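Participant: There's a structure below that I have some questions on.
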Amino acid sequence: MESNESSYVSSPELAPKRPSPPPPKSPTSDSLEKPTYIRFLVSNAAAGSVIGKGGSTITDFQSQSGARIQLSRNQEFFPGTTDRIIMISGLIDDVLKAVELILSKLLSEINLEEGNDVDPRTKVRLIVPNSFCGGIIGKGGATIKSFIEESQAGIKISPQDNNYYGLNDRLVTVTGTLEEQMRAIDMILSKLSEDLHYPQSVNVPFSYAGVYFSGFHGSPYTPVLPSVATAAYNGVNYGPAGGGGKFQNNKEDRSNSMTIGIADEHIGLVVGRGGRNIMDISQATGARIKISDRGDFMSGTTDRKVTITGSQRAIRAAETMIMQKVAYASEKGVN
């Protein structure tokens with residue numbers, strides 16, 4: 001199943017050539033006014049030029065674009081790569097402006113290093129949640145083919161990598177000149193942002209063990225969610241997931257458990273009055289959630305243990321909902 005989707009490779013050669021490709025269709029004014037986000041990979045070396053001395057370049061790009069730009073920390077990479085993650089959030093036009101500023105900067109660095117011999121067609125790898133890739137592909141690959149045709153960029157969606165537990169993102173590689181890449185990214189982001197659920201996931205900026213993001217509003221390298229630490233993923237419970245009888249033979253629905261650490265001061269918001277929030281999360285996802293007693297912390301921290309048990313899908317959904325509660329608490333200063 002995955003191989004069918006990943007075979008919608010891209011190359012402008014597959015698309016009929018046009019003398020001058022039309023500009024991408026503008027998103028509706030409604031989607032222009034709603035916040036969204038995009039993530040893509042940069043090498044560790046390129047990350048330094050994006051940040052600039054003392055954060056000067058990234059601060060300037062934020063000021064010029066109006067978008068927020070965040071970067072995973074040094075040596076904290078997208079699983080299976082040695083590349084760091086940039087996340088840009090804001091209104092769609094602001095996000096696209098920031099992407100263009102960053103890609104232009106990286107292209108100018110390549111030109112400085114390699115001179116006039118540099119290939120004008122470069123690659124950028126976007127990170128897209130697996131659940132939203134179908135919208136980019138379209139029925140029978142129609143959407144991605146139209147994006148390739150109109151942008152003249154190459155677009156390739158990777159198969160999902162099952163080597164990393166809990167990884168539910170895929171890489172979308174966009175190949176072309178800067179202008180072609182920007183046309184394709186505009187189309188992809190506009191398509192993603194049509195789904196009301198896509199912008200909501202901006203509240204969970206990292207979903208990989210050990211990867212934290214640094215924000216550049218105020219002092220650099222302040223983690224966005226300082227109170228969440230991801231811990232061991234692979235504790236296995238014996239027996240099927242709680243509600244389980246129907247799908248017991250499905251590997252996805254066998255019972256697993258994961259423990260995350262939540263700062264003690266945020267536990268109240270996660271639990272909710274009378275346990276309402278935690279019960280709602282459990283009911284919505286099908287996961288079982290257990291919070292350690294007061295004073296029972298993750299090793300070496302003052303974070304309480306939150307153990308989530310169920311199918312991998314249920315665990316991921318519950319973790320996302322818990323992180324959103326913590327993100328809200330962190331932003332608002334709610335204890």
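Starting from 1 in every chain, residues are counted up; chains themselves are A, B, ... following the order of the structure tokens, and ligands are numbered from 1 as listed.
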Any idea what's packed within 7 Å of Phe147 of chain A, counting only C-alpha atoms, ignoring anything in its chain fewer than 4 positions away? Could you give it as a PyMOL selection string?

Facilitator: chain A and resi 143+151+184+187

Participant: I need the chosen residues saved as a PDB file, in the first residue's frame, with N, CA, C and O atoms.

Facilitator:
ATOM      1  N   THR A 143      -3.669  14.842  -7.674  1.00  0.00           N
ATOM      2  CA  THR A 143      -3.267  16.118  -7.064  1.00  0.00           C
ATOM      3  C   THR A 143      -1.768  16.343  -7.208  1.00  0.00           C
ATOM      4  O   THR A 143      -1.320  17.408  -7.642  1.00  0.00           O
ATOM      5  N   SER A 151       3.932  23.501 -11.118  1.00  0.00           N
ATOM      6  CA  SER A 151       5.122  24.123 -10.499  1.00  0.00           C
ATOM      7  C   SER A 151       6.387  23.867 -11.300  1.00  0.00           C
ATOM      8  O   SER A 151       7.355  24.620 -11.182  1.00  0.00           O
ATOM      9  N   ALA A 184       5.754  24.931  -5.729  1.00  0.00           N
ATOM     10  CA  ALA A 184       5.306  23.623  -5.240  1.00  0.00           C
ATOM     11  C   ALA A 184       4.980  23.673  -3.748  1.00  0.00           C
ATOM     12  O   ALA A 184       3.960  23.133  -3.302  1.00  0.00           O
ATOM     13  N   MET A 187       1.667  25.297  -3.107  1.00  0.00           N
ATOM     14  CA  MET A 187       0.548  24.395  -3.389  1.00  0.00           C
ATOM     15  C   MET A 187       0.381  23.343  -2.291  1.00  0.00           C
ATOM     16  O   MET A 187      -0.731  23.060  -1.845  1.00  0.00           O
TER      17      MET A 187
END

Participant: Skip Tyr198 of chain A itself and residues of its chain fewer than 6 positions away, then list as a PDB file with C-alpha atoms, in the first residue's frame all residues within 12 Å of it, counting only C-alpha atoms.

Facilitator:
ATOM      1  CA  SER A  31      -7.286  29.838   4.878  1.00  0.00           C
ATOM      2  CA  LYS A  34      -5.725  30.958   9.750  1.00  0.00           C
ATOM      3  CA  PRO A  35      -2.419  29.991  11.340  1.00  0.00           C
ATOM      4  CA  THR A  36      -0.556  27.068   9.828  1.00  0.00           C
ATOM      5  CA  TYR A  37       2.958  25.634   9.858  1.00  0.00           C
ATOM      6  CA  ILE A  38       5.528  23.780   7.799  1.00  0.00           C
ATOM      7  CA  SER A  89       4.450  28.832  11.932  1.00  0.00           C
ATOM      8  CA  VAL A 128       4.437  15.903   6.475  1.00  0.00           C
ATOM      9  CA  PRO A 129       2.325  13.807   8.885  1.00  0.00           C
ATOM     10  CA  ASN A 130       1.455  10.503   7.239  1.00  0.00           C
ATOM     11  CA  SER A 131      -2.267  11.080   7.761  1.00  0.00           C
ATOM     12  CA  PHE A 132      -2.154  14.190   5.532  1.00  0.00           C
ATOM     13  CA  CYS A 133      -0.098  12.708   2.673  1.00  0.00           C
ATOM     14  CA  GLY A 135      -4.486  14.837   0.416  1.00  0.00           C
ATOM     15  CA  LEU A 189       1.033  24.003   2.183  1.00  0.00           C
ATOM     16  CA  SER A 190      -2.225  25.433   0.833  1.00  0.00           C
ATOM     17  CA  LYS A 191      -3.540  21.887   0.352  1.00  0.00           C
ATOM     18  CA  LEU A 192      -2.457  20.805   3.851  1.00  0.00           C
ATOM     19  CA  VAL A 204       2.979  19.664  19.206  1.00  0.00           C
TER      20      VAL A 204
END

Participant: I need the residue nearest Leu126 of chain A from this list: A:Ala263, A:Met323, A:Leu103, A:Val172. Use only C-alpha atoms for the distance.

Facilitator: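 Among the listed residues, the smallest separation from Leu126 of chain A belongs to A:Val172.
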
Participant: Between atom CA of Ile144 of chain A and atom CA of Ser158 of chain A, measure the distance and give it in Å to one decimal.

Facilitator: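 Interatomic distance, atom CA of Ile144 of chain A to atom CA of Ser158 of chain A: 13.2 Å.
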
Participant: Which residues, written as an MDAnalysis selection string, have at least one atom at most 10 Å from Ile85 of chain A, with only C-alpha atoms counted and residues fewer than 6 positions away on the same chain left out?

Facilitator: chainID A and resid 39:44 47 70:73 76:78 125:127 206 211:213

Participant: Write out the residues from the selection above, keeping N, CA and C atoms, as a PDB file, in the first residue's frame.

Facilitator:
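Okay, again36.pdb is ready:
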ATOM      1  N   ARG A  39       7.283  22.184   8.204  1.00  0.00           N
ATOM      2  CA  ARG A  39       8.584  21.731   8.733  1.00  0.00           C
ATOM      3  C   ARG A  39       9.417  21.204   7.572  1.00  0.00           C
ATOM      4  N   PHE A  40      10.724  21.449   7.630  1.00  0.00           N
ATOM      5  CA  PHE A  40      11.621  20.868   6.637  1.00  0.00           C
ATOM      6  C   PHE A  40      12.993  20.651   7.252  1.00  0.00           C
ATOM      7  N   LEU A  41      13.827  19.905   6.527  1.00  0.00           N
ATOM      8  CA  LEU A  41      15.132  19.521   7.055  1.00  0.00           C
ATOM      9  C   LEU A  41      16.242  20.427   6.533  1.00  0.00           C
ATOM     10  N   VAL A  42      17.219  20.672   7.377  1.00  0.00           N
ATOM     11  CA  VAL A  42      18.451  21.348   6.948  1.00  0.00           C
ATOM     12  C   VAL A  42      19.626  20.617   7.578  1.00  0.00           C
ATOM     13  N   SER A  43      20.757  20.645   6.896  1.00  0.00           N
ATOM     14  CA  SER A  43      21.951  20.025   7.466  1.00  0.00           C
ATOM     15  C   SER A  43      22.380  20.813   8.704  1.00  0.00           C
ATOM     16  N   ASN A  44      23.165  20.164   9.545  1.00  0.00           N
ATOM     17  CA  ASN A  44      23.648  20.825  10.756  1.00  0.00           C
ATOM     18  C   ASN A  44      24.453  22.070  10.401  1.00  0.00           C
ATOM     19  N   ALA A  47      22.191  24.876   9.243  1.00  0.00           N
ATOM     20  CA  ALA A  47      21.437  25.453  10.361  1.00  0.00           C
ATOM     21  C   ALA A  47      22.169  26.655  10.945  1.00  0.00           C
ATOM     22  N   GLN A  70      11.445  28.146  14.289  1.00  0.00           N
ATOM     23  CA  GLN A  70      12.045  27.346  15.354  1.00  0.00           C
ATOM     24  C   GLN A  70      12.936  26.273  14.732  1.00  0.00           C
ATOM     25  N   LEU A  71      13.914  25.851  15.509  1.00  0.00           N
ATOM     26  CA  LEU A  71      14.910  24.923  14.998  1.00  0.00           C
ATOM     27  C   LEU A  71      15.201  23.876  16.061  1.00  0.00           C
ATOM     28  N   SER A  72      15.279  22.608  15.656  1.00  0.00           N
ATOM     29  CA  SER A  72      15.691  21.599  16.629  1.00  0.00           C
ATOM     30  C   SER A  72      17.142  21.866  17.015  1.00  0.00           C
ATOM     31  N   ARG A  73      17.495  21.440  18.200  1.00  0.00           N
ATOM     32  CA  ARG A  73      18.818  21.782  18.718  1.00  0.00           C
ATOM     33  C   ARG A  73      19.947  21.045  18.000  1.00  0.00           C
ATOM     34  N   GLU A  76      20.303  17.221  17.273  1.00  0.00           N
ATOM     35  CA  GLU A  76      18.980  16.607  17.451  1.00  0.00           C
ATOM     36  C   GLU A  76      18.314  16.548  16.082  1.00  0.00           C
ATOM     37  N   PHE A  77      18.297  15.346  15.518  1.00  0.00           N
ATOM     38  CA  PHE A  77      17.992  15.162  14.100  1.00  0.00           C
ATOM     39  C   PHE A  77      16.659  14.458  13.869  1.00  0.00           C
ATOM     40  N   PHE A  78      16.159  14.612  12.643  1.00  0.00           N
ATOM     41  CA  PHE A  78      15.003  13.828  12.224  1.00  0.00           C
ATOM     42  C   PHE A  78      15.436  12.362  12.171  1.00  0.00           C
ATOM     43  N   ARG A 125      13.580  18.901   1.702  1.00  0.00           N
ATOM     44  CA  ARG A 125      12.752  17.796   2.209  1.00  0.00           C
ATOM     45  C   ARG A 125      11.791  18.316   3.272  1.00  0.00           C
ATOM     46  N   LEU A 126      10.512  18.298   2.929  1.00  0.00           N
ATOM     47  CA  LEU A 126       9.467  18.711   3.861  1.00  0.00           C
ATOM     48  C   LEU A 126       9.074  17.517   4.731  1.00  0.00           C
ATOM     49  N   ILE A 127       8.653  17.793   5.960  1.00  0.00           N
ATOM     50  CA  ILE A 127       8.137  16.744   6.851  1.00  0.00           C
ATOM     51  C   ILE A 127       6.621  16.901   6.890  1.00  0.00           C
ATOM     52  N   PHE A 206       7.299  18.833  18.467  1.00  0.00           N
ATOM     53  CA  PHE A 206       8.199  17.703  18.263  1.00  0.00           C
ATOM     54  C   PHE A 206       7.472  16.435  18.624  1.00  0.00           C
ATOM     55  N   VAL A 211      14.052  14.983  20.722  1.00  0.00           N
ATOM     56  CA  VAL A 211      14.166  16.153  19.858  1.00  0.00           C
ATOM     57  C   VAL A 211      13.380  17.304  20.460  1.00  0.00           C
ATOM     58  N   TYR A 212      14.055  18.369  20.773  1.00  0.00           N
ATOM     59  CA  TYR A 212      13.429  19.572  21.302  1.00  0.00           C
ATOM     60  C   TYR A 212      13.631  20.713  20.323  1.00  0.00           C
ATOM     61  N   PHE A 213      12.728  21.682  20.364  1.00  0.00           N
ATOM     62  CA  PHE A 213      12.845  22.818  19.459  1.00  0.00           C
ATOM     63  C   PHE A 213      13.236  24.067  20.218  1.00  0.00           C
TER      64      PHE A 213
END

Participant: As an exercise, work out the distance from atom CA of Val124 of chain A to atom CA of Val174 of chain A in Å and give it to one decimal place.

Facilitator: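 So the two atoms, atom CA of Val124 of chain A and atom CA of Val174 of chain A, lie 5.4 Å apart.
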
Participant: Give me the residues near Lys123 of chain A as an mmCIF file with N, CA and C atoms, in the first residue's frame, where near means some atom within 7 Å (using only C-alpha atoms) and where sequence neighbours in that chain fewer than 3 positions away do not count.

Facilitator:
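Written file, result.cif:
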data_model
loop_
_atom_site.group_PDB
_atom_site.id
_atom_site.type_symbol
_atom_site.label_atom_id
_atom_site.label_comp_id
_atom_site.auth_asym_id
_atom_site.auth_seq_id
_atom_site.Cartn_x
_atom_site.Cartn_y
_atom_site.Cartn_z
ATOM 1 N N THR A 173 10.039 15.276 -0.817
ATOM 2 C CA THR A 173 11.203 15.929 -1.417
ATOM 3 C C THR A 173 10.768 16.759 -2.621
ATOM 4 N N VAL A 174 11.108 18.048 -2.581
ATOM 5 C CA VAL A 174 10.762 18.977 -3.667
ATOM 6 C C VAL A 174 12.063 19.400 -4.339
ATOM 7 N N THR A 175 12.163 19.112 -5.638
ATOM 8 C CA THR A 175 13.392 19.380 -6.394
ATOM 9 C C THR A 175 13.121 20.407 -7.487
ATOM 10 N N GLY A 176 13.972 21.421 -7.577
ATOM 11 C CA GLY A 176 13.806 22.412 -8.634
ATOM 12 C C GLY A 176 14.606 23.661 -8.347
#

Participant: Expressed in Å to a single decimal, how great is the separation between atom CA of Val306 of chain A and atom CA of Thr81 of chain A?

Facilitator: 28.8 Å
